Amino acid sequence: MLNNSLILAAGPWDMAIWFGIIVLVLGGLIFFALFARYVGLWIQCKTTGAGIGILNLFIMSIRKVNPSIIARSKIMAVQAGLTQVYPISTRDLEAHYLAGGNVPNVIRALIAAHRASIDLDWVTAAAIDLAGRDILEAVRTSVYPKVIDCPDPKKGVGTLDAVAGDGIQLKARARVTVRTNIKQLIGGATEETIIARVGQGIVQAIGSNESYADVLENPDRISQTVLNQGLEAQTAFEIVSIDIADIDVGDNIGARLQADQAEADMNVAQAKAEERRAEAKAREQEMVAKTQENRAQVVLAEAEVPAAIVAAFKNRTLGIMDYYELKNVQADTQMRTSIAGSNGDQVDDGRVSL
């Protein structure tokens, strides 16, 4: 009852004072919370000359930007002296962060490029990073060349197989030393293109030699031939050297191909001979059928002979003496035939026995 009476007895000025005190307390708590969160970053920015105020750090949080990443990246750039060479502002770092880029990685790449005297500015580095390339790894590869195995062991192919002019197969492995070409990193082909082009060049160079012995004797000639073909065109790398790591002699592909060709020719010849044999067999069967047909015609003709003799008797054009003379001739013919066929061969003179 006493407290309620005091509240009712308080005037409007007292209520305003209490409201003001509450607002100040809440504002102080909020300020203290923000100050406690950003005071460390702000002190670092202040002592390193990064030029980022505590209010800017608070506004970054409102923009959904991680103030810790931006502040530390700007501190790295300032401490490395990048801001004296490239115009890198805090707003550029925030924009790259909002675009999905890796801000610390880009700053580290610029620092490494600046130390190695590589011409790389913020715009190019940010574009390469947004394109999905690891800009820091690219700068490191540009400073320290990288060795690529050809063919790629990860693909399950152990060697590059090629055939020399004499038909001997050679199995080669190469190691390609490359350096990143920063200017062609955007839109340039990757390592797979380098491996494919080098493999194609080695196979072509081996195939252009007349003998496998020439390749085994001078493998450096293969490397020099491939290196002079300008395989790094339109790629993100510059080929420093191509070294033939190993060359092994494989199968005699030429002899195998000749053997396969001879077998194929033999099969073709056998097929043609079988075709001719089948044609001859068919022709033989046709001649047998033709012979049977002719014999049938002879039998028909012989059947008409007795009728012709009977007609001759009736017409009195053939006498009895002529008939006996014909019989004697037939008898003499049969006798000669039996004498001639004494060895077992019977000769058919085609005459008709009456």
# chains A, B, ... in the order shown; residues from 1 in each chain; ligands from 1
>>> residues_around(residues="Ser89 in chain A", least_positions_apart="6", cutoff="10 Å", atoms="only C-alpha atoms", output="JSON, numbers by chain")
{"A": [50, 51, 74, 77, 83]}
>>> select_by_dssp(residues="range 138-169 of chain A", states="alpha helix (DSSP H)", output="list in words")
Ala138, Val139, Arg140, Thr141, Ser142 and Val143 of chain A
>>> closest_atom_pairs(of="range 140-251 of chain A", to="range 102-116 of chain A", cutoff="12 Å", atoms="only C-alpha atoms", output="JSON lines")
{"residue": "A:Arg140", "atom": "CA", "partner": "A:Ala112", "partner_atom": "CA", "distance": 7.6}
{"residue": "A:Thr141", "atom": "CA", "partner": "A:Ala113", "partner_atom": "CA", "distance": 10.9}
{"residue": "A:Ser142", "atom": "CA", "partner": "A:Ala113", "partner_atom": "CA", "distance": 8.9}
{"residue": "A:Val143", "atom": "CA", "partner": "A:Ala116", "partner_atom": "CA", "distance": 7.1}
{"residue": "A:Tyr144", "atom": "CA", "partner": "A:Ala116", "partner_atom": "CA", "distance": 10.5}
{"residue": "A:Thr180", "atom": "CA", "partner": "A:Ala113", "partner_atom": "CA", "distance": 12.0}
{"residue": "A:Ile182", "atom": "CA", "partner": "A:Ala113", "partner_atom": "CA", "distance": 10.1}
>>> write_last_selection(atoms="all heavy atoms", output="PDB file, in the first residue's frame")
ATOM      1  N   ARG A 140      51.743 -19.706 -56.187  1.00  0.00           N
ATOM      2  CA  ARG A 140      52.810 -20.585 -55.715  1.00  0.00           C
ATOM      3  C   ARG A 140      53.384 -21.416 -56.851  1.00  0.00           C
ATOM      4  O   ARG A 140      54.596 -21.622 -56.933  1.00  0.00           O
ATOM      5  CB  ARG A 140      52.268 -21.499 -54.619  1.00  0.00           C
ATOM      6  CG  ARG A 140      51.953 -20.779 -53.302  1.00  0.00           C
ATOM      7  CD  ARG A 140      51.292 -21.717 -52.320  1.00  0.00           C
ATOM      8  NE  ARG A 140      51.034 -21.048 -51.046  1.00  0.00           N
ATOM      9  CZ  ARG A 140      50.334 -21.605 -50.058  1.00  0.00           C
ATOM     10  NH1 ARG A 140      49.823 -22.828 -50.204  1.00  0.00           N
ATOM     11  NH2 ARG A 140      50.145 -20.936 -48.922  1.00  0.00           N
ATOM     12  N   THR A 141      52.509 -21.918 -57.733  1.00  0.00           N
ATOM     13  CA  THR A 141      52.993 -22.690 -58.879  1.00  0.00           C
ATOM     14  C   THR A 141      53.774 -21.818 -59.845  1.00  0.00           C
ATOM     15  O   THR A 141      54.686 -22.292 -60.524  1.00  0.00           O
ATOM     16  CB  THR A 141      51.806 -23.347 -59.603  1.00  0.00           C
ATOM     17  OG1 THR A 141      51.044 -24.107 -58.667  1.00  0.00           O
ATOM     18  CG2 THR A 141      52.275 -24.270 -60.710  1.00  0.00           C
ATOM     19  N   SER A 142      53.410 -20.542 -59.921  1.00  0.00           N
ATOM     20  CA  SER A 142      54.169 -19.626 -60.758  1.00  0.00           C
ATOM     21  C   SER A 142      55.560 -19.372 -60.208  1.00  0.00           C
ATOM     22  O   SER A 142      56.519 -19.175 -60.957  1.00  0.00           O
ATOM     23  CB  SER A 142      53.410 -18.300 -60.902  1.00  0.00           C
ATOM     24  OG  SER A 142      54.103 -17.411 -61.744  1.00  0.00           O
ATOM     25  N   VAL A 143      55.688 -19.388 -58.881  1.00  0.00           N
ATOM     26  CA  VAL A 143      56.998 -19.183 -58.250  1.00  0.00           C
ATOM     27  C   VAL A 143      57.789 -20.489 -58.230  1.00  0.00           C
ATOM     28  O   VAL A 143      58.966 -20.532 -58.606  1.00  0.00           O
ATOM     29  CB  VAL A 143      56.823 -18.632 -56.830  1.00  0.00           C
ATOM     30  CG1 VAL A 143      58.185 -18.492 -56.141  1.00  0.00           C
ATOM     31  CG2 VAL A 143      56.109 -17.294 -56.869  1.00  0.00           C
ATOM     32  N   TYR A 144      57.117 -21.573 -57.807  1.00  0.00           N
ATOM     33  CA  TYR A 144      57.750 -22.882 -57.757  1.00  0.00           C
ATOM     34  C   TYR A 144      57.050 -23.777 -58.785  1.00  0.00           C
ATOM     35  O   TYR A 144      55.897 -24.179 -58.571  1.00  0.00           O
ATOM     36  CB  TYR A 144      57.626 -23.498 -56.367  1.00  0.00           C
ATOM     37  CG  TYR A 144      58.256 -22.660 -55.280  1.00  0.00           C
ATOM     38  CD1 TYR A 144      57.461 -21.874 -54.439  1.00  0.00           C
ATOM     39  CD2 TYR A 144      59.625 -22.636 -55.096  1.00  0.00           C
ATOM     40  CE1 TYR A 144      58.033 -21.098 -53.442  1.00  0.00           C
ATOM     41  CE2 TYR A 144      60.207 -21.858 -54.108  1.00  0.00           C
ATOM     42  CZ  TYR A 144      59.399 -21.098 -53.282  1.00  0.00           C
ATOM     43  OH  TYR A 144      59.963 -20.334 -52.306  1.00  0.00           O
ATOM     44  N   THR A 180      52.584 -21.657 -63.696  1.00  0.00           N
ATOM     45  CA  THR A 180      51.299 -20.994 -63.926  1.00  0.00           C
ATOM     46  C   THR A 180      51.477 -19.721 -64.735  1.00  0.00           C
ATOM     47  O   THR A 180      52.355 -18.904 -64.443  1.00  0.00           O
ATOM     48  CB  THR A 180      50.620 -20.662 -62.595  1.00  0.00           C
ATOM     49  OG1 THR A 180      50.442 -21.860 -61.850  1.00  0.00           O
ATOM     50  CG2 THR A 180      49.259 -20.031 -62.829  1.00  0.00           C
ATOM     51  N   ILE A 182      49.733 -16.513 -65.171  1.00  0.00           N
ATOM     52  CA  ILE A 182      48.684 -15.724 -64.513  1.00  0.00           C
ATOM     53  C   ILE A 182      47.793 -15.019 -65.528  1.00  0.00           C
ATOM     54  O   ILE A 182      46.570 -14.918 -65.348  1.00  0.00           O
ATOM     55  CB  ILE A 182      49.319 -14.704 -63.545  1.00  0.00           C
ATOM     56  CG1 ILE A 182      50.165 -15.421 -62.486  1.00  0.00           C
ATOM     57  CG2 ILE A 182      48.257 -13.852 -62.884  1.00  0.00           C
ATOM     58  CD1 ILE A 182      49.394 -16.311 -61.570  1.00  0.00           C
TER      59      ILE A 182
END
>>> closest_residue(among="A:Ile59, A:Ile309, A:Ala95, A:Ile202", to="Leu227 in chain A", atoms="only C-alpha atoms")
A:Ile202
>>> atom_distance(atom1="CA of Ala172 in chain A", atom2="CA of Glu192 in chain A")
17.9 Å
>>> select_by_dssp(residues="range 117-279 of chain A", states="strand (DSSP E)", output="VMD selection string")
chain A and resid 146 to 150 160 to 163 168 to 180 237 to 252
>>> write_last_selection(atoms="N, CA and C atoms", output="short mmCIF file (atom, residue, chain, number, x, y, z; two decimals), in the first residue's frame")
data_model
loop_
_atom_site.label_atom_id
_atom_site.label_comp_id
_atom_site.auth_asym_id
_atom_site.auth_seq_id
_atom_site.Cartn_x
_atom_site.Cartn_y
_atom_site.Cartn_z
N LYS A 146 55.54 -26.73 -61.06
CA LYS A 146 54.88 -27.96 -60.65
C LYS A 146 55.16 -29.07 -61.66
N VAL A 147 55.30 -30.29 -61.16
CA VAL A 147 55.59 -31.45 -62.01
C VAL A 147 54.31 -32.27 -62.19
N ILE A 148 53.97 -32.56 -63.46
CA ILE A 148 52.77 -33.33 -63.78
C ILE A 148 53.21 -34.63 -64.46
N ASP A 149 52.63 -35.74 -64.00
CA ASP A 149 52.92 -37.04 -64.63
C ASP A 149 52.05 -37.23 -65.86
N CYS A 150 52.65 -37.74 -66.91
CA CYS A 150 51.93 -38.00 -68.16
C CYS A 150 52.25 -39.42 -68.62
N LEU A 160 52.16 -44.39 -72.08
CA LEU A 160 51.72 -43.92 -73.39
C LEU A 160 52.23 -44.91 -74.43
N ASP A 161 51.32 -45.60 -75.10
CA ASP A 161 51.69 -46.63 -76.07
C ASP A 161 51.71 -46.03 -77.47
N ALA A 162 52.85 -46.20 -78.16
CA ALA A 162 53.01 -45.71 -79.53
C ALA A 162 53.79 -46.74 -80.32
N VAL A 163 53.66 -46.71 -81.64
CA VAL A 163 54.30 -47.68 -82.53
C VAL A 163 55.23 -46.93 -83.47
N ILE A 168 57.39 -51.75 -84.02
CA ILE A 168 57.66 -52.11 -82.63
C ILE A 168 56.94 -51.12 -81.72
N GLN A 169 56.24 -51.66 -80.74
CA GLN A 169 55.50 -50.82 -79.79
C GLN A 169 56.44 -50.34 -78.69
N LEU A 170 56.30 -49.06 -78.34
CA LEU A 170 57.06 -48.47 -77.25
C LEU A 170 56.09 -47.92 -76.21
N LYS A 171 56.41 -48.14 -74.94
CA LYS A 171 55.59 -47.67 -73.83
C LYS A 171 56.40 -46.64 -73.06
N ALA A 172 55.92 -45.41 -73.07
CA ALA A 172 56.67 -44.29 -72.49
C ALA A 172 55.91 -43.64 -71.35
N ARG A 173 56.68 -43.05 -70.44
CA ARG A 173 56.14 -42.22 -69.36
C ARG A 173 56.95 -40.93 -69.32
N ALA A 174 56.26 -39.82 -69.13
CA ALA A 174 56.92 -38.52 -69.15
C ALA A 174 56.53 -37.72 -67.91
N ARG A 175 57.36 -36.76 -67.58
CA ARG A 175 57.10 -35.83 -66.48
C ARG A 175 57.21 -34.42 -67.04
N VAL A 176 56.15 -33.66 -66.88
CA VAL A 176 56.04 -32.33 -67.46
C VAL A 176 56.14 -31.30 -66.33
N THR A 177 57.08 -30.39 -66.44
CA THR A 177 57.24 -29.31 -65.46
C THR A 177 56.55 -28.07 -66.00
N VAL A 178 55.60 -27.54 -65.25
CA VAL A 178 54.80 -26.41 -65.71
C VAL A 178 54.88 -25.28 -64.69
N ARG A 179 54.65 -24.08 -65.19
CA ARG A 179 54.57 -22.89 -64.36
C ARG A 179 53.26 -22.17 -64.71
N THR A 180 52.58 -21.66 -63.70
CA THR A 180 51.30 -20.99 -63.93
C THR A 180 51.48 -19.72 -64.74
N PHE A 237 48.96 -22.67 -68.14
CA PHE A 237 50.30 -23.03 -67.71
C PHE A 237 51.31 -22.73 -68.82
N GLU A 238 52.54 -22.62 -68.41
CA GLU A 238 53.67 -22.50 -69.32
C GLU A 238 54.57 -23.71 -69.09
N ILE A 239 54.80 -24.48 -70.15
CA ILE A 239 55.60 -25.70 -70.04
C ILE A 239 57.08 -25.32 -69.95
N VAL A 240 57.71 -25.72 -68.85
CA VAL A 240 59.13 -25.44 -68.65
C VAL A 240 59.98 -26.52 -69.30
N SER A 241 59.63 -27.78 -69.08
CA SER A 241 60.39 -28.88 -69.67
C SER A 241 59.51 -30.12 -69.74
N ILE A 242 59.89 -31.02 -70.67
CA ILE A 242 59.25 -32.32 -70.81
C ILE A 242 60.35 -33.37 -70.76
N ASP A 243 60.32 -34.21 -69.75
CA ASP A 243 61.35 -35.22 -69.55
C ASP A 243 60.74 -36.61 -69.71
N ILE A 244 61.37 -37.43 -70.58
CA ILE A 244 60.93 -38.81 -70.75
C ILE A 244 61.48 -39.61 -69.58
N ALA A 245 60.61 -40.03 -68.69
CA ALA A 245 61.04 -40.73 -67.48
C ALA A 245 61.41 -42.18 -67.76
N ASP A 246 60.70 -42.83 -68.68
CA ASP A 246 60.95 -44.25 -68.91
C ASP A 246 60.38 -44.63 -70.27
N ILE A 247 61.10 -45.54 -70.98
CA ILE A 247 60.63 -46.10 -72.25
C ILE A 247 60.87 -47.59 -72.22
N ASP A 248 59.84 -48.38 -72.43
CA ASP A 248 59.92 -49.83 -72.49
C ASP A 248 59.49 -50.31 -73.87
N VAL A 249 60.10 -51.41 -74.31
CA VAL A 249 59.74 -52.01 -75.59
C VAL A 249 58.57 -52.95 -75.38
N GLY A 250 57.55 -52.79 -76.18
CA GLY A 250 56.36 -53.63 -76.07
C GLY A 250 56.31 -54.73 -77.12
N ASP A 251 55.16 -54.97 -77.67
CA ASP A 251 54.96 -56.04 -78.65
C ASP A 251 55.38 -55.58 -80.04
N ASN A 252 55.57 -56.59 -80.90
CA ASN A 252 55.85 -56.33 -82.32
C ASN A 252 54.50 -56.20 -83.03
#
>>> atom_distance(atom1="CA of Gly201 in chain A", atom2="CA of Thr225 in chain A")
8.0 Å
>>> atom_distance(atom1="CA of Gln229 in chain A", atom2="CA of Ala131 in chain A")
28.8 Å
>>> closest_residue(among="A:Ala126, A:Met266, A:Ile118, A:Ile194", to="Leu93 in chain A", atoms="only C-alpha atoms")
A:Ala126
